[in-house]
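Novice: Contents of model33.pdb (PDB, C-alpha atoms):
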ATOM      1  CA  MET A 180     125.312 131.720  97.209
ATOM      2  CA  GLU A 181     129.035 132.086  97.780
ATOM      3  CA  ARG A 182     129.909 129.655  94.991
ATOM      4  CA  GLU A 183     133.630 129.611  95.750
ATOM      5  CA  GLU A 184     132.902 128.211  99.243
ATOM      6  CA  ARG A 185     132.898 124.379  99.178
ATOM      7  CA  SER A 186     130.862 123.794 102.343
ATOM      8  CA  LEU A 187     127.392 124.547 103.655
ATOM      9  CA  TRP A 188     128.670 128.049 104.378
ATOM     10  CA  ARG A 189     128.095 128.813 100.684
ATOM     11  CA  TYR A 190     124.478 129.318 101.900
ATOM     12  CA  ARG A 191     125.331 131.546 104.863
ATOM     13  CA  ALA A 192     123.029 134.277 103.482
ATOM     14  CA  CYS A 193     120.020 132.090 104.380
ATOM     15  CA  LEU A 194     120.940 132.024 108.087
ATOM     16  CA  PRO A 195     118.969 134.314 110.415
ATOM     17  CA  VAL A 196     122.081 135.543 112.221
ATOM     18  CA  GLU A 197     125.516 136.800 111.202
ATOM     19  CA  ILE A 198     128.324 134.406 112.128
ATOM     20  CA  ALA A 199     131.721 135.997 111.707
ATOM     21  CA  ARG A 200     134.016 132.998 112.325
ATOM     22  CA  PRO A 201     132.368 129.678 111.542
ATOM     23  CA  ILE A 202     133.674 126.435 112.976
ATOM     24  CA  SER A 203     133.918 124.477 109.740
ATOM     25  CA  LEU A 204     135.479 121.214 108.631
ATOM     26  CA  GLY A 205     134.090 121.392 105.105
ATOM     27  CA  GLU A 206     130.644 119.995 105.962
ATOM     28  CA  GLY A 207     128.013 119.887 103.238
ATOM     29  CA  CYS A 208     128.466 119.474  99.472
ATOM     30  CA  THR A 209     127.925 115.711  99.833
ATOM     31  CA  PRO A 210     127.468 113.407  96.811
ATOM     32  CA  LEU A 211     124.080 112.700  95.238
ATOM     33  CA  VAL A 212     124.152 109.400  93.353
ATOM     34  CA  GLU A 213     121.541 107.562  91.332
ATOM     35  CA  ARG A 214     121.028 103.833  91.869
ATOM     36  CA  SER A 215     118.552 101.180  90.786
ATOM     37  CA  TRP A 216     116.085 100.283  93.537
ATOM     38  CA  GLY A 217     112.914  98.232  93.193
ATOM     39  CA  GLY A 218     112.301  99.232  89.585
ATOM     40  CA  ALA A 219     112.978 102.910  90.309
ATOM     41  CA  ARG A 220     116.087 105.107  90.097
ATOM     42  CA  PRO A 221     116.144 107.089  93.349
ATOM     43  CA  LEU A 222     118.888 109.556  94.197
ATOM     44  CA  PHE A 223     120.809 108.727  97.348
ATOM     45  CA  LYS A 224     122.229 111.714  99.262
ATOM     46  CA  LEU A 225     125.426 110.422 100.880
ATOM     47  CA  GLU A 226     125.493 112.451 104.067
ATOM     48  CA  TRP A 227     128.062 110.129 105.636
ATOM     49  CA  PHE A 228     130.689 112.030 103.629
ATOM     50  CA  SER A 229     130.355 114.704 106.325
ATOM     51  CA  PRO A 230     133.526 115.198 108.400
ATOM     52  CA  THR A 231     132.416 113.185 111.446
ATOM     53  CA  GLY A 232     130.394 110.708 109.383
ATOM     54  CA  SER A 233     126.792 111.932 109.559
ATOM     55  CA  PHE A 234     124.409 114.708 108.499
ATOM     56  CA  LYS A 235     124.509 116.071 112.042
ATOM     57  CA  ASP A 236     127.620 118.055 111.092
ATOM     58  CA  ARG A 237     125.433 120.540 109.214
ATOM     59  CA  GLY A 238     123.576 121.505 112.359
ATOM     60  CA  THR A 239     126.553 121.270 114.666
ATOM     61  CA  SER A 240     128.720 123.594 112.575
ATOM     62  CA  VAL A 241     126.132 126.372 112.728
ATOM     63  CA  MET A 242     125.031 125.753 116.326
ATOM     64  CA  LEU A 243     128.505 125.650 117.878
ATOM     65  CA  SER A 244     129.696 128.579 115.759
ATOM     66  CA  TYR A 245     126.824 130.664 117.089
ATOM     67  CA  LEU A 246     127.333 129.571 120.689
ATOM     68  CA  ARG A 247     131.080 130.232 120.585
ATOM     69  CA  GLN A 248     130.392 133.664 119.114
ATOM     70  CA  HIS A 249     128.290 134.369 122.212
ATOM     71  CA  GLY A 250     130.999 133.340 124.640
ATOM     72  CA  ILE A 251     130.065 129.721 125.317
ATOM     73  CA  THR A 252     133.298 127.772 125.879
ATOM     74  CA  SER A 253     131.980 124.427 127.165
ATOM     75  CA  VAL A 254     128.830 122.471 126.294
ATOM     76  CA  LEU A 255     126.839 119.424 127.295
ATOM     77  CA  GLU A 256     125.053 117.220 124.755
ATOM     78  CA  ASP A 257     123.005 114.017 125.002
ATOM     79  CA  SER A 258     123.125 111.682 122.033
ATOM     80  CA  SER A 259     122.692 108.094 120.884
ATOM     81  CA  GLY A 260     125.876 108.465 118.868
ATOM     82  CA  ASN A 261     126.049 110.607 115.754
ATOM     83  CA  GLY A 262     125.052 113.869 117.434
ATOM     84  CA  GLY A 263     127.602 113.276 120.153
ATOM     85  CA  SER A 264     130.332 112.455 117.643
ATOM     86  CA  SER A 265     129.515 115.610 115.741
ATOM     87  CA  VAL A 266     129.496 117.946 118.739
ATOM     88  CA  ALA A 267     132.698 116.364 120.044
ATOM     89  CA  GLY A 268     134.442 116.770 116.692
ATOM     90  CA  TYR A 269     133.388 120.353 116.124
ATOM     91  CA  GLY A 270     134.124 121.201 119.737
ATOM     92  CA  ALA A 271     137.664 119.980 119.168
ATOM     93  CA  ALA A 272     137.898 121.999 115.944
ATOM     94  CA  GLY A 273     136.573 125.167 117.578
ATOM     95  CA  GLY A 274     138.191 125.028 120.998
ATOM     96  CA  VAL A 275     134.918 124.273 122.831
ATOM     97  CA  ALA A 276     135.048 121.768 125.711
ATOM     98  CA  VAL A 277     132.424 119.010 125.328
ATOM     99  CA  ARG A 278     130.706 116.524 127.622
ATOM    100  CA  ILE A 279     128.591 113.825 125.953
ATOM    101  CA  LEU A 280     125.922 111.736 127.667
ATOM    102  CA  ALA A 281     124.949 108.633 125.695
ATOM    103  CA  PRO A 282     122.892 105.471 126.266
ATOM    104  CA  ALA A 283     124.975 102.632 127.666
ATOM    105  CA  ASP A 284     124.135 100.434 124.658
ATOM    106  CA  THR A 285     125.386 102.941 122.052
ATOM    107  CA  SER A 286     127.639 101.397 119.386
ATOM    108  CA  PRO A 287     131.194 101.215 120.784
ATOM    109  CA  ALA A 288     132.599 102.737 117.584
ATOM    110  CA  LYS A 289     130.567 105.902 118.143
ATOM    111  CA  ILE A 290     131.726 106.195 121.753
ATOM    112  CA  ALA A 291     135.331 105.617 120.660
ATOM    113  CA  GLN A 292     134.982 108.434 118.128
ATOM    114  CA  VAL A 293     133.647 110.824 120.767
ATOM    115  CA  ALA A 294     136.504 109.963 123.112
ATOM    116  CA  ALA A 295     139.086 110.333 120.342
ATOM    117  CA  TYR A 296     138.076 113.969 119.911
ATOM    118  CA  GLY A 297     138.910 114.545 123.562
ATOM    119  CA  ALA A 298     135.341 114.915 124.811
ATOM    120  CA  GLN A 299     134.239 113.686 128.223
ATOM    121  CA  VAL A 300     131.901 110.690 127.886
ATOM    122  CA  GLN A 301     129.261 109.587 130.371
ATOM    123  CA  LEU A 302     127.192 106.480 129.613
ATOM    124  CA  VAL A 303     123.654 106.416 130.994
ATOM    125  CA  ALA A 304     121.700 103.233 131.703
ATOM    126  CA  GLY A 305     118.198 102.863 130.297
ATOM    127  CA  PRO A 306     116.423 103.996 127.125
ATOM    128  CA  ARG A 307     117.488 106.974 125.017
ATOM    129  CA  GLN A 308     115.326 109.483 126.899
ATOM    130  CA  GLU A 309     117.239 108.808 130.122
ATOM    131  CA  SER A 310     120.328 110.418 128.588
ATOM    132  CA  GLN A 311     118.303 113.528 127.834
ATOM    133  CA  ALA A 312     116.828 113.609 131.331
ATOM    134  CA  GLU A 313     120.293 113.359 132.883
ATOM    135  CA  ALA A 314     121.614 116.081 130.578
ATOM    136  CA  ILE A 315     118.830 118.405 131.672
ATOM    137  CA  ARG A 316     119.678 117.664 135.323
ATOM    138  CA  GLN A 317     123.298 118.621 134.670
ATOM    139  CA  SER A 318     122.455 121.738 132.678
ATOM    140  CA  ASP A 319     122.763 123.956 135.756
ATOM    141  CA  GLN A 320     126.516 123.210 135.670
ATOM    142  CA  ILE A 321     127.314 123.458 131.960
ATOM    143  CA  PHE A 322     125.566 124.950 128.901
ATOM    144  CA  TYR A 323     123.132 122.444 127.399
ATOM    145  CA  ALA A 324     123.685 122.355 123.624
ATOM    146  CA  GLY A 325     121.162 119.592 122.996
ATOM    147  CA  HIS A 326     120.773 119.472 119.228
ATOM    148  CA  ASN A 327     117.096 118.569 119.589
ATOM    149  CA  TRP A 328     116.511 121.808 121.519
ATOM    150  CA  GLN A 329     118.783 124.385 119.918
ATOM    151  CA  ALA A 330     117.117 126.336 117.082
ATOM    152  CA  LEU A 331     120.413 127.088 115.327
ATOM    153  CA  PHE A 332     120.972 123.363 114.832
ATOM    154  CA  LEU A 333     117.936 123.194 112.524
ATOM    155  CA  GLU A 334     119.192 126.300 110.725
ATOM    156  CA  GLY A 335     122.291 124.317 109.810
ATOM    157  CA  VAL A 336     120.415 121.182 108.793
ATOM    158  CA  LYS A 337     118.110 123.180 106.504
ATOM    159  CA  THR A 338     121.094 123.662 104.182
ATOM    160  CA  LEU A 339     120.378 120.090 103.077
ATOM    161  CA  ALA A 340     117.301 121.428 101.265
ATOM    162  CA  TYR A 341     119.276 124.261  99.665
ATOM    163  CA  GLU A 342     121.919 121.781  98.544
ATOM    164  CA  LEU A 343     119.412 119.377  97.004
ATOM    165  CA  TRP A 344     117.854 122.334  95.173
ATOM    166  CA  GLU A 345     121.274 123.226  93.787
ATOM    167  CA  ASP A 346     122.151 119.574  93.028
ATOM    168  CA  LEU A 347     119.010 119.226  90.901
ATOM    169  CA  GLY A 348     119.587 122.307  88.804
ATOM    170  CA  TYR A 349     117.659 124.711  91.047
ATOM    171  CA  ARG A 350     114.459 122.714  91.290
ATOM    172  CA  ALA A 351     112.834 120.660  94.027
ATOM    173  CA  PRO A 352     112.622 116.864  93.910
ATOM    174  CA  ASP A 353     109.194 115.267  93.944
ATOM    175  CA  ASN A 354     109.898 113.336  97.145
ATOM    176  CA  VAL A 355     112.447 113.280  99.964
ATOM    177  CA  VAL A 356     112.664 110.242 102.263
ATOM    178  CA  VAL A 357     114.561 110.594 105.538
ATOM    179  CA  PRO A 358     115.168 108.311 108.532
ATOM    180  CA  VAL A 359     113.515 109.967 111.516
ATOM    181  CA  GLY A 360     114.209 109.812 115.224
ATOM    182  CA  ALA A 361     114.221 113.264 116.820
ATOM    183  CA  GLY A 362     113.401 114.676 113.400
ATOM    184  CA  SER A 363     116.103 117.240 112.629
ATOM    185  CA  SER A 364     116.622 116.033 109.046
ATOM    186  CA  LEU A 365     112.877 116.128 108.362
ATOM    187  CA  LEU A 366     112.394 119.518 110.004
ATOM    188  CA  GLY A 367     115.494 120.944 108.393
ATOM    189  CA  CYS A 368     114.283 119.900 104.934
ATOM    190  CA  HIS A 369     110.849 121.365 105.608
ATOM    191  CA  LEU A 370     112.342 124.638 106.826
ATOM    192  CA  GLY A 371     114.726 124.951 103.884
ATOM    193  CA  PHE A 372     112.239 124.068 101.159
ATOM    194  CA  ARG A 373     109.652 126.357 102.757
ATOM    195  CA  GLU A 374     112.122 129.238 102.500
ATOM    196  CA  LEU A 375     112.901 128.404  98.861
ATOM    197  CA  LEU A 376     109.175 128.355  98.103
ATOM    198  CA  ALA A 377     108.646 131.713  99.815
ATOM    199  CA  ALA A 378     111.550 133.166  97.820
ATOM    200  CA  GLY A 379     110.022 131.984  94.536
ATOM    201  CA  GLN A 380     112.932 129.650  93.799
ATOM    202  CA  ILE A 381     110.673 126.583  93.632
ATOM    203  CA  THR A 382     106.998 126.300  92.749
ATOM    204  CA  ARG A 383     105.988 123.587  95.212
ATOM    205  CA  LEU A 384     107.253 121.709  98.239
ATOM    206  CA  PRO A 385     108.622 118.215  97.750
ATOM    207  CA  ARG A 386     106.632 115.566  99.578
ATOM    208  CA  LEU A 387     108.504 114.624 102.747
ATOM    209  CA  PHE A 388     108.368 111.062 104.051
ATOM    210  CA  ALA A 389     109.491 109.957 107.523
ATOM    211  CA  ALA A 390     110.975 106.444 107.730
ATOM    212  CA  GLN A 391     111.061 104.786 111.142
ATOM    213  CA  PRO A 392     111.667 101.271 112.429
ATOM    214  CA  LEU A 393     108.344  99.677 113.368
ATOM    215  CA  ASN A 394     109.862  98.815 116.752
ATOM    216  CA  CYS A 395     110.123 102.527 117.604
ATOM    217  CA  SER A 396     107.789 104.560 115.416
ATOM    218  CA  PRO A 397     106.004 107.314 117.364
ATOM    219  CA  VAL A 398     105.805 109.621 114.338
ATOM    220  CA  ASP A 399     104.183 106.945 112.181
ATOM    221  CA  ALA A 400     101.789 106.037 115.003
ATOM    222  CA  SER A 401     100.559 109.614 115.329
ATOM    223  CA  PHE A 402     100.504 110.353 111.597
ATOM    224  CA  SER A 403      98.620 107.154 110.769
ATOM    225  CA  ALA A 404      96.055 107.923 113.474
ATOM    226  CA  GLY A 405      95.551 111.486 112.234
ATOM    227  CA  ALA A 406      96.569 112.759 115.658
ATOM    228  CA  ASP A 407      98.450 115.923 116.595
ATOM    229  CA  GLY A 408     100.184 114.408 119.609
ATOM    230  CA  PRO A 409     101.516 111.082 120.892
ATOM    231  CA  VAL A 410      99.635 107.845 120.192
ATOM    232  CA  ASP A 411     100.388 104.652 122.100
ATOM    233  CA  ARG A 412     102.389 102.065 120.178
ATOM    234  CA  ALA A 413     104.633  99.394 121.634
ATOM    235  CA  VAL A 414     108.337 100.269 121.733
ATOM    236  CA  ARG A 415     110.903  97.491 121.339
ATOM    237  CA  PRO A 416     114.646  97.390 120.670
ATOM    238  CA  THR A 417     115.693  98.159 117.093
ATOM    239  CA  ILE A 418     118.856  97.800 115.060
ATOM    240  CA  ALA A 419     118.266 101.370 113.826
ATOM    241  CA  GLU A 420     119.605 102.905 117.036
ATOM    242  CA  GLY A 421     119.787 106.418 115.620
ATOM    243  CA  THR A 422     115.993 106.558 115.404
ATOM    244  CA  ALA A 423     115.228 104.894 118.727
ATOM    245  CA  ILE A 424     113.501 107.880 120.320
ATOM    246  CA  ALA A 425     110.165 106.918 121.815
ATOM    247  CA  ARG A 426     108.998 110.432 122.716
ATOM    248  CA  PRO A 427     110.513 112.948 120.290
ATOM    249  CA  LEU A 428     110.482 116.517 121.530
ATOM    250  CA  ARG A 429     109.353 118.021 118.211
ATOM    251  CA  LEU A 430     106.639 115.493 117.332
ATOM    252  CA  PRO A 431     103.944 118.116 116.574
ATOM    253  CA  GLN A 432     106.312 119.984 114.256
ATOM    254  CA  MET A 433     107.196 116.780 112.432
ATOM    255  CA  LEU A 434     103.540 115.945 111.881
ATOM    256  CA  THR A 435     102.989 119.457 110.529
ATOM    257  CA  ALA A 436     105.930 119.059 108.119
ATOM    258  CA  LEU A 437     104.576 115.773 106.770
ATOM    259  CA  ARG A 438     101.060 117.118 106.285
ATOM    260  CA  ASP A 439     102.124 120.488 104.936
ATOM    261  CA  SER A 440     104.218 118.817 102.248
ATOM    262  CA  GLY A 441     101.617 116.196 101.342
ATOM    263  CA  GLY A 442     103.997 113.447 102.419
ATOM    264  CA  GLY A 443     103.625 110.661 104.929
ATOM    265  CA  SER A 444     105.275 108.128 107.197
ATOM    266  CA  VAL A 445     106.451 104.537 106.928
ATOM    267  CA  ALA A 446     107.186 102.043 109.722
ATOM    268  CA  ILE A 447     109.658  99.330 108.680
ATOM    269  CA  PRO A 448     109.975  95.874 110.307
ATOM    270  CA  GLU A 449     113.457  94.843 111.400
ATOM    271  CA  HIS A 450     113.890  92.164 108.730
ATOM    272  CA  ASP A 451     113.141  94.707 105.984
ATOM    273  CA  ILE A 452     115.773  97.053 107.404
ATOM    274  CA  VAL A 453     118.320  94.230 107.230
ATOM    275  CA  THR A 454     117.289  93.418 103.645
ATOM    276  CA  ALA A 455     117.710  97.046 102.617
ATOM    277  CA  LEU A 456     121.051  97.253 104.444
ATOM    278  CA  SER A 457     122.289  94.232 102.520
ATOM    279  CA  GLU A 458     121.156  95.676  99.199
ATOM    280  CA  LEU A 459     122.748  99.062  99.881
ATOM    281  CA  CYS A 460     126.053  97.468 100.826
ATOM    282  CA  GLY A 461     125.801  95.298  97.714
ATOM    283  CA  GLN A 462     125.667  98.509  95.680
ATOM    284  CA  GLY A 463     128.717  99.965  97.385
ATOM    285  CA  LEU A 464     126.791 102.132  99.836
ATOM    286  CA  PHE A 465     128.110 101.219 103.301
ATOM    287  CA  VAL A 466     125.649 102.771 105.728
ATOM    288  CA  GLU A 467     124.618 102.251 109.316
ATOM    289  CA  PRO A 468     121.280 100.424 109.854
ATOM    290  CA  THR A 469     119.451 103.688 110.599
ATOM    291  CA  SER A 470     120.044 104.844 107.021
ATOM    292  CA  ALA A 471     118.811 101.530 105.637
ATOM    293  CA  THR A 472     115.412 102.326 107.143
ATOM    294  CA  ALA A 473     114.963 105.132 104.601
ATOM    295  CA  ALA A 474     115.996 102.884 101.712
ATOM    296  CA  ALA A 475     113.531 100.209 102.847
ATOM    297  CA  ALA A 476     110.829 102.874 102.899
ATOM    298  CA  ILE A 477     111.297 103.444  99.152
ATOM    299  CA  THR A 478     110.287  99.849  98.458
ATOM    300  CA  ARG A 479     107.204 100.220 100.654
ATOM    301  CA  LEU A 480     106.172 103.561  99.150
ATOM    302  CA  ILE A 481     106.481 102.260  95.581
ATOM    303  CA  ASP A 482     104.564  99.082  96.415
ATOM    304  CA  GLN A 483     101.794 101.166  97.987
ATOM    305  CA  GLY A 484     101.675 103.535  95.017
ATOM    306  CA  GLN A 485     102.489 106.576  97.148
ATOM    307  CA  ILE A 486     105.409 107.394  94.879
ATOM    308  CA  THR A 487     106.087 106.288  91.312
ATOM    309  CA  PRO A 488     109.357 105.184  89.667
ATOM    310  CA  GLN A 489     109.118 108.134  87.265
ATOM    311  CA  GLU A 490     109.263 110.734  90.050
ATOM    312  CA  THR A 491     112.474 112.333  91.294
ATOM    313  CA  THR A 492     112.947 110.830  94.733
ATOM    314  CA  VAL A 493     115.825 111.625  97.086
ATOM    315  CA  VAL A 494     116.735 109.237  99.892
ATOM    316  CA  VAL A 495     118.899 110.685 102.659
ATOM    317  CA  LEU A 496     121.519 108.207 103.873
ATOM    318  CA  SER A 497     122.392 109.858 107.128
ATOM    319  CA  GLY A 498     125.337 107.987 108.622
ATOM    320  CA  SER A 499     128.355 105.832 107.789
ATOM    321  CA  GLY A 500     128.447 102.081 108.252
ATOM    322  CA  LEU A 501     131.759 102.580 110.005
ATOM    323  CA  LYS A 502     129.710 103.962 112.918
ATOM    324  CA  ALA A 503     128.309 100.470 113.502
ATOM    325  CA  ALA A 504     130.677  98.207 111.576
ATOM    326  CA  ALA A 505     130.444  95.291 113.997
ATOM    327  CA  ALA A 506     126.640  95.415 114.007
ATOM    328  CA  VAL A 507     126.536  95.562 110.203
ATOM    329  CA  ARG A 508     128.906  92.602 109.999
ATOM    330  CA  ASP A 509     126.763  90.536 112.353
ATOM    331  CA  LEU A 510     123.501  91.458 110.618
ATOM    332  CA  LEU A 511     124.790  90.518 107.171
ATOM    333  CA  LYS A 512     126.389  87.175 108.098
TER     334      LYS A 512
END
Could you rewrite the structure in this file as structure tokens?

Specialist:
Amino acid sequence: MEREERSLWRYRACLPVEIARPISLGEGCTPLVERSWGGARPLFKLEWFSPTGSFKDRGTSVMLSYLRQHGITSVLEDSSGNGGSSVAGYGAAGGVAVRILAPADTSPAKIAQVAAYGAQVQLVAGPRQESQAEAIRQSDQIFYAGHNWQALFLEGVKTLAYELWEDLGYRAPDNVVVPVGAGSSLLGCHLGFRELLAAGQITRLPRLFAAQPLNCSPVDASFSAGADGPVDRAVRPTIAEGTAIARPLRLPQMLTALRDSGGGSVAIPEHDIVTALSELCGQGLFVEPTSATAAAAITRLIDQGQITPQETTVVVLSGSGLKAAAAVRDLLK
């Protein structure tokens, strides 16, 4: 580690490629705080302290740095909000022109953030996957830097695992709970902890748990059924918009990560997400509803006996409540 570097680039030696001039805004090195929750004392990883307000900055910093190094000067991204905000912000920081395609019902605050960075915004009617389909159609005109497709994005997100290892005194937690939509936080953690295990820095993988809203829970549907591919489950609107991906591209990889680590999945009803959101805010943790899904999963996992209060459990709070302030206000009235 480059200990004098106060960003994820302190772990640059773990990247598979050399990046000479990173696009960095100081991403990484986010707080890890302990709070009381349902009789346990989980550790909440406050990823909303990232420069654009979500964990996506880890992946974006590495991905855009690599692309710029290879001569890419303009990119296209599809996103339900946080990914678009991140790519727009880092594009502005690195001199890369950005076009963002987002669902028409994306939180206005997220769209305003994208526009503030100077990115071009195109809203797409229909469910989340329509934005991706339109981005792919436009990819013959502009380089498609879809964070769900680009391998270097996961290489950036895996620094979350390295950072948790460092936070905990160079050991792995027992459990890591993450909100899951396309799965980059889950896959990044699996990749990073796998590398630490292979290097002999930890003796076992932490158990990884995917938290999804019941209204859009394809990972839980497949995991619960013991399947390796998609399983039919009704999809309905959810307040956790960041996880509203009905057909995630990397579903088989996510299922492998859960099984390889001995973890599992949890599907949370909407009212439980709201309850968790209220409790988090009541403890000073102002998150967007997507993050509250992971906190609600802790309650479920303890009640089911899948984790115990004595274990070291990390909950990743992925995005700021400022991303969806109006929605949070209305939900907690």

Novice: Please measure the separation of atom CA of Val494 of chain A and atom CA of Val453 of chain A, giving the value in Å to one decimal.

Specialist: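 Those two atoms sit 16.8 Å apart.
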
Novice: Give the answer as one residue: which of A:Trp216, A:Phe234, A:Phe372, A:Phe465 has the shortest atom-to-atom distance to Cys193 of chain A, using all atoms listed in the file?

Specialist: A:Phe372

Novice: Can you measure atom CA of Ile315 of chain A to atom CA of Ala272 of chain A for me? One decimal in Å is fine.

Specialist: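 If I compute the distance from atom CA of Ile315 of chain A to atom CA of Ala272 of chain A, I get 25.0 Å.
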
Novice: Between A:Val356, A:Ala471, A:Val445, A:Leu302, which is the closest to Thr492 of chain A once you count only C-alpha atoms?

Specialist: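 Residue with the minimum atom-to-atom distance to Thr492 of chain A: A:Val356.
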
Novice: Could you list, as a PyMOL selection string, every residue within 10 Å of Thr435 of chain A, counting all atoms listed in the file and ignoring same-chain residues fewer than 4 positions away?

Specialist: chain A and resi 366+369+402+407+430-431+439-441
